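**Student:** A single structure is presented below for examination.
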Amino acid sequence: MGKDKKEEAVFLRKKITLLRAFSLLIGSMVGSGIFISPKGVLKNSGSVGFSLVVWFSCGILSMFGALCYAELGTRITKSGGHYIYILETLGPLPSFLFLWAEFFAIRPANSAVVALAFGRYLLEPFFAPCAAPVPAVKLVSLLGYYIVLTLNSWSVTWSARLQTALSIVKLLALALIIVPGMMLLAQGHTENFQDAFDRQSLVLDKLPLAFYAGMFAYSGWFQAGFVREELVRPERNIPLAVIVSVVTVIVGYMLTNVSYYTVLGTQDVLASPAVAVSFVQRAFKSLISVVPVLVALSCFGTMNGGILTFSRTLFVASREGQWPPLFSMIHIRRHTPLPAVMLMFPLVTAMVCIGDIYHLMNFFSFSRWLFIGLATLGLIVHRRRHPELHSPFKVPIFVPVSFTIICLFTVAMSFYSDPVSISIGCTVVLSGFPVYYLIIHRQMSTRCRSPFYYFTHKLQLLLEVVQQEIKTY
């Protein structure tokens, strides 16, 4: 997007068509979640039948959220996703708290979960039938993440091309699980579905964690909002893209889980550190070395896609004066958002080294779904404040109301399910209050020079980055 001359502006051109928007959403949703979340959903829902209900419910809930975000995307014309929606509807304090949690908890924890899944699936075939050693998994996870960081620091074009190729790999990995499972189901292998709804193993206070695991697999339906300014005909293409993509993923995920349970029993899924690998070991041993690699590449693509969209929110936050201007700067020769990419390096490294996949998932899911719920609450507020505003796409009021209530209720219930992880996530969010009032609010009120000015200037020289003007047309 940047031109060869370093003094020229960076232009955000409207190049994302309906097909590209659909590919972006599919590629964002189909990632590591469907390969690691089945264990978390089953463990916390208690039975095969209830786990399938949770998967379908998460799909419907994702559709509700996607429809709300589609309306927000037609009402608010800026890029930035969650951040800009909260800023425009609820004000600067909630938006900054989201920003604070996003870049010190949500984003690094999410990246660490995907990186750990990448390492586990890449190593699992070499150690089967035993589990891969944890230190080796973490080492390979970090290596994979550092490769993605380096690639995104070097070239945006290469990163985008890699993302397109890996989106195809993701769908191929799903197909290699769905087709064998459906073939075995058609042959009458239904023994694992006997007594599918066993109420004795259902623990209600664990259901929020089951929903967190399921919603993690569906997360990505909100990505269109990050690139809103680059979409062709966004008032038409955002709703179409989110509806088609979410329906496609719901069908794919349900078929994938049925395939898992056709081949693997409840205890097999719960005991497996890598469900897709266990599936292939049982169903198609000839593919034992193929599917785990495809799944690892799928996780690699999810890491890459997360970093690709990472700079959008930072760019907008810097433009709004709520984040240091350094993070809206790009490298003068590579034209990559180098400071934004490097911000994740120490945080992700720490979380991969000390964290476990499912504890990390609970940790960042609390903050993520709290602020997504606030964003859809903002849609309701925006409607009441601006009844005169015409929106080309409008959902029935029960959709944002239902989605907001479910999100906030699940967040509240999670304090009983995993109080330690959730309390840490809550502390991270609340720690943004003093930062906002001591720095951001004072700076915005007095319109004084940013306290980050001298620090930013020194890092500009070190990193060879400049802040460039963004224009859209």
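Ligands are numbered from 1 in the order shown, residues from 1 within each chain, and chains are lettered A, B, ... in the order they appear in the structure tokens.
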When DSSP is applied to the backbone of this structure, which of region 44-200 of chain A are assigned alpha helix (DSSP H)? Write them out as a PyMOL selection string.

**Tutor:** chain A and resi 44-45+48-75+82-90+92-101+107-127+134-154+156-186

**Student:** Which residues are near Asp268 (chain A)? Cut-off 8 Å, only C-alpha atoms, ignore same chain within fewer than 4 positions. Put them as a VMD selection string.

**Tutor:** chain A and resid 264 272 278

**Student:** Produce a table with one row for each residue of region 362-413 of chain A that has an atom at most 12 Å from any atom of region 429-439 of chain A, each row naming the nearest atom pair and its distance in Å at one decimal; use only C-alpha atoms; arrange rows by chain and rising residue number; format as CSV.

**Tutor:**
residue,atom,partner,partner_atom,distance
A:Phe363,CA,A:Val429,CA,11.5
A:Phe364,CA,A:Val429,CA,10.7
A:Phe366,CA,A:Val429,CA,10.1
A:Ser367,CA,A:Val429,CA,7.4
A:Arg368,CA,A:Val429,CA,10.5
A:Leu370,CA,A:Val429,CA,10.1
A:Phe371,CA,A:Val429,CA,10.2

**Student:** With a distance cut-off of 12 Å and only C-alpha atoms, select the neighbouring residues of region 387-398 of chain A, excluding the residue or stretch itself and same-chain residues fewer than 5 positions from it, and output the selection as an MDAnalysis selection string.

**Tutor:** chainID A and resid 63:77 233:240 376:377 379:382 403:406

**Student:** Could you dump the residues just selected with C-alpha atoms as a JSON list (two decimals), in the first residue's frame?

**Tutor:**
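The resulting file, result.json, is shown below:
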[["chain", "number", "residue", "atom", "x", "y", "z"],
["A", 63, "MET", "CA", -24.31, -15.28, 13.47],
["A", 64, "PHE", "CA", -26.12, -12.87, 15.81],
["A", 65, "GLY", "CA", -22.84, -11.11, 16.57],
["A", 66, "ALA", "CA", -21.85, -11.01, 12.91],
["A", 67, "LEU", "CA", -25.20, -9.45, 11.96],
["A", 68, "CYS", "CA", -24.77, -6.79, 14.67],
["A", 69, "TYR", "CA", -21.27, -6.02, 13.43],
["A", 70, "ALA", "CA", -22.57, -5.88, 9.86],
["A", 71, "GLU", "CA", -24.99, -3.13, 10.87],
["A", 72, "LEU", "CA", -22.24, -1.33, 12.80],
["A", 73, "GLY", "CA", -20.05, -1.58, 9.71],
["A", 74, "THR", "CA", -22.70, 0.14, 7.60],
["A", 75, "ARG", "CA", -23.36, 2.83, 10.22],
["A", 76, "ILE", "CA", -19.73, 3.64, 11.13],
["A", 77, "THR", "CA", -17.51, 4.23, 8.11],
["A", 233, "ARG", "CA", -19.48, -1.26, -1.59],
["A", 234, "PRO", "CA", -19.29, -2.04, 2.16],
["A", 235, "GLU", "CA", -23.00, -1.34, 2.73],
["A", 236, "ARG", "CA", -23.75, -4.34, 0.49],
["A", 237, "ASN", "CA", -20.71, -6.58, 0.80],
["A", 238, "ILE", "CA", -20.29, -6.62, 4.60],
["A", 239, "PRO", "CA", -23.73, -8.18, 5.31],
["A", 240, "LEU", "CA", -23.44, -10.64, 2.40],
["A", 376, "THR", "CA", -23.23, -4.65, 20.41],
["A", 377, "LEU", "CA", -24.63, -2.72, 23.40],
["A", 379, "LEU", "CA", -25.28, -0.53, 18.57],
["A", 380, "ILE", "CA", -28.44, -0.28, 20.69],
["A", 381, "VAL", "CA", -27.24, 3.03, 22.17],
["A", 382, "HIS", "CA", -26.33, 4.37, 18.72],
["A", 403, "PHE", "CA", -26.40, -11.22, 21.85],
["A", 404, "THR", "CA", -25.41, -8.57, 24.40],
["A", 405, "ILE", "CA", -27.24, -10.30, 27.27],
["A", 406, "ILE", "CA", -25.73, -13.70, 26.43]]

**Student:** Just want the 12 Å neighbourhood of Gly188 (chain A), counted on only C-alpha atoms, with same-chain residues fewer than 5 positions away dropped. Output as number ranges by chain.

**Tutor:** A: 181-183, 193, 262-263

**Student:** Could you please take those selected residues and save all heavy atoms as a PDB file, in the first residue's frame?

**Tutor:**
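That gives us part37.pdb:
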ATOM      1  N   GLY A 181     -14.987 -39.353   8.052  1.00  0.00           N
ATOM      2  CA  GLY A 181     -15.963 -39.502   9.128  1.00  0.00           C
ATOM      3  C   GLY A 181     -17.362 -39.768   8.606  1.00  0.00           C
ATOM      4  O   GLY A 181     -18.088 -40.627   9.125  1.00  0.00           O
ATOM      5  N   MET A 182     -17.751 -39.040   7.568  1.00  0.00           N
ATOM      6  CA  MET A 182     -19.075 -39.252   6.993  1.00  0.00           C
ATOM      7  C   MET A 182     -19.191 -40.629   6.342  1.00  0.00           C
ATOM      8  O   MET A 182     -20.258 -41.264   6.378  1.00  0.00           O
ATOM      9  CB  MET A 182     -19.366 -38.156   5.960  1.00  0.00           C
ATOM     10  CG  MET A 182     -19.545 -36.755   6.549  1.00  0.00           C
ATOM     11  SD  MET A 182     -20.919 -36.617   7.732  1.00  0.00           S
ATOM     12  CE  MET A 182     -20.019 -36.588   9.288  1.00  0.00           C
ATOM     13  N   MET A 183     -18.089 -41.111   5.746  1.00  0.00           N
ATOM     14  CA  MET A 183     -18.100 -42.448   5.143  1.00  0.00           C
ATOM     15  C   MET A 183     -18.318 -43.521   6.201  1.00  0.00           C
ATOM     16  O   MET A 183     -19.116 -44.455   6.007  1.00  0.00           O
ATOM     17  CB  MET A 183     -16.779 -42.683   4.400  1.00  0.00           C
ATOM     18  CG  MET A 183     -16.609 -41.843   3.141  1.00  0.00           C
ATOM     19  SD  MET A 183     -14.958 -41.999   2.417  1.00  0.00           S
ATOM     20  CE  MET A 183     -14.885 -43.753   2.091  1.00  0.00           C
ATOM     21  N   PHE A 193     -22.412 -42.550  19.624  1.00  0.00           N
ATOM     22  CA  PHE A 193     -23.527 -41.617  19.838  1.00  0.00           C
ATOM     23  C   PHE A 193     -24.605 -42.213  20.738  1.00  0.00           C
ATOM     24  O   PHE A 193     -25.658 -41.600  20.936  1.00  0.00           O
ATOM     25  CB  PHE A 193     -24.143 -41.204  18.494  1.00  0.00           C
ATOM     26  CG  PHE A 193     -23.208 -40.395  17.628  1.00  0.00           C
ATOM     27  CD1 PHE A 193     -22.447 -41.009  16.644  1.00  0.00           C
ATOM     28  CD2 PHE A 193     -23.074 -39.026  17.806  1.00  0.00           C
ATOM     29  CE1 PHE A 193     -21.583 -40.274  15.842  1.00  0.00           C
ATOM     30  CE2 PHE A 193     -22.217 -38.277  17.015  1.00  0.00           C
ATOM     31  CZ  PHE A 193     -21.459 -38.909  16.045  1.00  0.00           C
ATOM     32  N   THR A 262     -17.672 -39.882  15.470  1.00  0.00           N
ATOM     33  CA  THR A 262     -17.907 -41.150  14.785  1.00  0.00           C
ATOM     34  C   THR A 262     -16.722 -42.085  14.969  1.00  0.00           C
ATOM     35  O   THR A 262     -16.884 -43.306  15.128  1.00  0.00           O
ATOM     36  CB  THR A 262     -18.148 -40.916  13.283  1.00  0.00           C
ATOM     37  OG1 THR A 262     -19.281 -40.070  13.106  1.00  0.00           O
ATOM     38  CG2 THR A 262     -18.391 -42.233  12.554  1.00  0.00           C
ATOM     39  N   VAL A 263     -15.527 -41.534  14.992  1.00  0.00           N
ATOM     40  CA  VAL A 263     -14.300 -42.328  15.076  1.00  0.00           C
ATOM     41  C   VAL A 263     -13.792 -42.446  16.506  1.00  0.00           C
ATOM     42  O   VAL A 263     -13.330 -43.506  16.932  1.00  0.00           O
ATOM     43  CB  VAL A 263     -13.211 -41.707  14.171  1.00  0.00           C
ATOM     44  CG1 VAL A 263     -11.888 -42.452  14.320  1.00  0.00           C
ATOM     45  CG2 VAL A 263     -13.670 -41.711  12.722  1.00  0.00           C
TER      46      VAL A 263
END
